[in-house]
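> Sending over a structure as structure tokens; questions will come in a sec.
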Amino acid sequence: MSQQQTQLMLDNNKDKPQQPKEQWGNGLEFLFSCISLSVGLGNIWRFPYIAFQNGGGTFVIPYLIALLVIGRPVYYLEISLGQFRGGGVLRAFDLAPLLKGVAAGQVLATGASITYYSSIMALTLRFLLASFSAVLPWSSCRESWGSDCYDGSSVNATGKMSPAQLYFEREILHELPNIDQGLGLPNWQLVACLAVAWIIIGGVLIRGIKSSGKAAYFLGVFPYVVLLLLLLRAVTLPGAWDGIVYFFKPQWRELLNPLVWYAAVTQVFFSLAICFGTVITYASYNNFNKNVYNDIVIITTMDSCSSIIAGCITFGILGNLAKQTGIADIGSVVKGGTGLAFISYPEAIAKFEYVPQMFAVLFFLMLFVLGIGSTVGMGSCILRVIRDQFGKRAGPNWALAGALAALGFGVSIVYVTPGGQFIVNLIDFYGVSFTALILAIGELLAVAWFYGVRRFCADIKFMTGIETGWYWRLCWAYITPGLMAAVLLYTLLNMNELTYKGVAYPHIAHVFGYFLAGLGLLQLPGWALYAFYKQRKTEGSFWERLCAASRPAESWAPAIAQMPQD
């Protein structure tokens with residue numbers, strides 16, 4: 001919008017009763033909160049196993065390209081949008097009511113993400129407690145594992161598994177070979193860890209944004225100290241460089257595989273936490289005139305460095321395992337899956353010569369606090385949307401946060417069953433990754449085409465005084481949505497049936513998955529019909545009413561117009 005239009009909005013809103021919005025204590029709180037949100041489980045836990053599933057170096061190149069032409073532009077767009085609007089993601093889409101279903105779908109995807117992220121925190125806490133043992137329980141073979149275990153002393157290790165892999169799959173998960181006969185009963189130890197995780201998440205959410213902002217100083221710095229220690233150890237293992245070369249060396253033919261690009265694009269979403277409403281929510285607590293350009297460069301750079309460091313650690317360990325077991329193909333050393341990080345990292349820690357227990361405690365504590373940073377951001381997004389929509393009727397913050405934690409805990413129990421990792425993989429694909437790509441395209445269409453790039457750039461200039469460059473404009477309008485649409489199209493045409501570690505799902509699981517995907521995507525036509533219905537009293541043709549539903553709603557205004565006026 002022009003500065004004259006914005007001033008008119010300020011005048012129209014000055015008499016409306018508004019409460020002062022909650023804000024970060026200072027700019028560093030916002031920066032470190034975004035770092036702890038973005039540099040989280042998506043980097044340390046998800047990036048290595050997604051890279052492993054997609055050929056190591058074959059995945060890294062599309063990931064870096066996607067980061068430059070999708071991740072960074074969308075991050076800038078979302079921070080600018082959230083800061084300008086000063087509200088949750090649903091309120092931010094008042095700029096294009098016809099596409100408000102994008103925001104609703106993103107909130108549902110965030111709800112799905114927070115449930116299984118909390119289950120990863122439960123696994124982390126379980127490992128953290130085990131790390132206080134006199135001897136790390138995954139450092140050597142157990143008699144109950146029989147001849148399946150290789151601890152470095154066997155002459156023939158072909159077809160055997162490391163103690164870390166067996167400990168994770170048999171002692172922690174009690175993992176089933178398939179879920180054809182059901183998921184099994186929840187593991188009470190993991191249920192207890194899950195309860196602790198949700199109590200902490202709920203406690204931070206109850207304290208509010210200022211409390212999480214203070215905690216972000218620790219959450220944003222501590223993980224890098226531990227990561228660098230693990231990297232130093234990983235690169236000194238025998239055979240580690242073979243694994244790292246595998247991580248960076250691409251299989252050029254596989255770069256034409258659209259599923260690799262699909263994985264890269266969706267990993268950027270997870271890695272930066274974009275297109276889930278969380279970045280918009282955090283930016284809404286900024287000072288209206290804050291210059292966020294440098295923050296965006298710092299956050300996205302640190303995020304990509306974290307992912308690369310995590311990949312080097314994981315593949316360095318895989319290279320060491322390949323040398324020990326005599327397997328030539330590093331991609332065949334262990335089975336992929338969401339548990340890869342719970343195999344490779346503990347394997348490296350167990351090889352520390354001095355006090356490996358201390359490093360194990362540091363690592364799993366790091367992973368746990370990273371989980372707090374990610375899940376608190378997701379929870380903040382959900383709570384902000386509820387408060388925006390219902391105001392005081394939503395109840396006090398402690399009740400709202402407590403209800404979210406209780407509901408999240410109840411849903412998350414399914415992930416700590418013996419078949420839980422099958423469900424994590426299912427929800428990740430159908431309920432989050434698949435819908436996130438479609439909703440991300442809708443987000444760019446809403447801002448760049450319905451609202452307009454020129455108008456959005458004028459808002460940024462009014463807010464920060466910065467003129468938006470052509471790189472950002474071209475990415476928002478053409479390059480980013482075009483690349484995402486191409487990846488989506490090729491993925492749909494070449495999609496294979498989802499499996500977990502090569503094991504097929506029963507038919508009912510796919511039905512449930514399609515239901516989840518449909519629940520998120522049906523928000524698009526549902527909210528569009530509602531926006532069109534609200535224009536029923538508007539005079540004119542069908543097309544004119546459709547255009548009216550596409551224009552910014554009457555409630556659309558910059559955050560400065562929502563503050564109390566003197």
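Please note that chains go A, B, ... in the order of the structure tokens, that every chain numbers its residues from 1, and that ligands are numbered from 1 in the order shown.
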Which residues come within 12 Å of Phe359 in chain A, counting only C-alpha atoms, excluding same-chain residues fewer than 3 positions away, as a list of chain:residue names?

A:Leu128, A:Ser131, A:Phe132, A:Leu136, A:Val225, A:Val226, A:Leu227, A:Leu228, A:Leu229, A:Leu230, A:Arg233, A:Tyr345, A:Pro346, A:Glu347, A:Ala348, A:Ile349, A:Ala350, A:Lys351, A:Phe352, A:Glu353, A:Tyr354, A:Val355, A:Pro356, A:Leu362, A:Phe363, A:Phe364, A:Leu365, A:Met366

> Just checking: using only C-alpha atoms, which residue out of A:Arg387, A:Arg551, A:Arg393, A:Lys501 ends up closest to Trp449 in chain A?

A:Arg551

> One decimal, Å: what's the distance from CA of Gly101 in chain A over to CA of Gln523 in chain A, could you say?

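Atom-to-atom, CA of Gly101 in chain A and CA of Gln523 in chain A are spaced 4.6 Å apart.
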
> Can you pull out every residue within 10 Å of Asn289 in chain A, counting only C-alpha atoms, but drop anything in the same chain fewer than 4 positions away, and send it as a VMD selection string?

chain A and resid 83 to 84 460 to 465 560
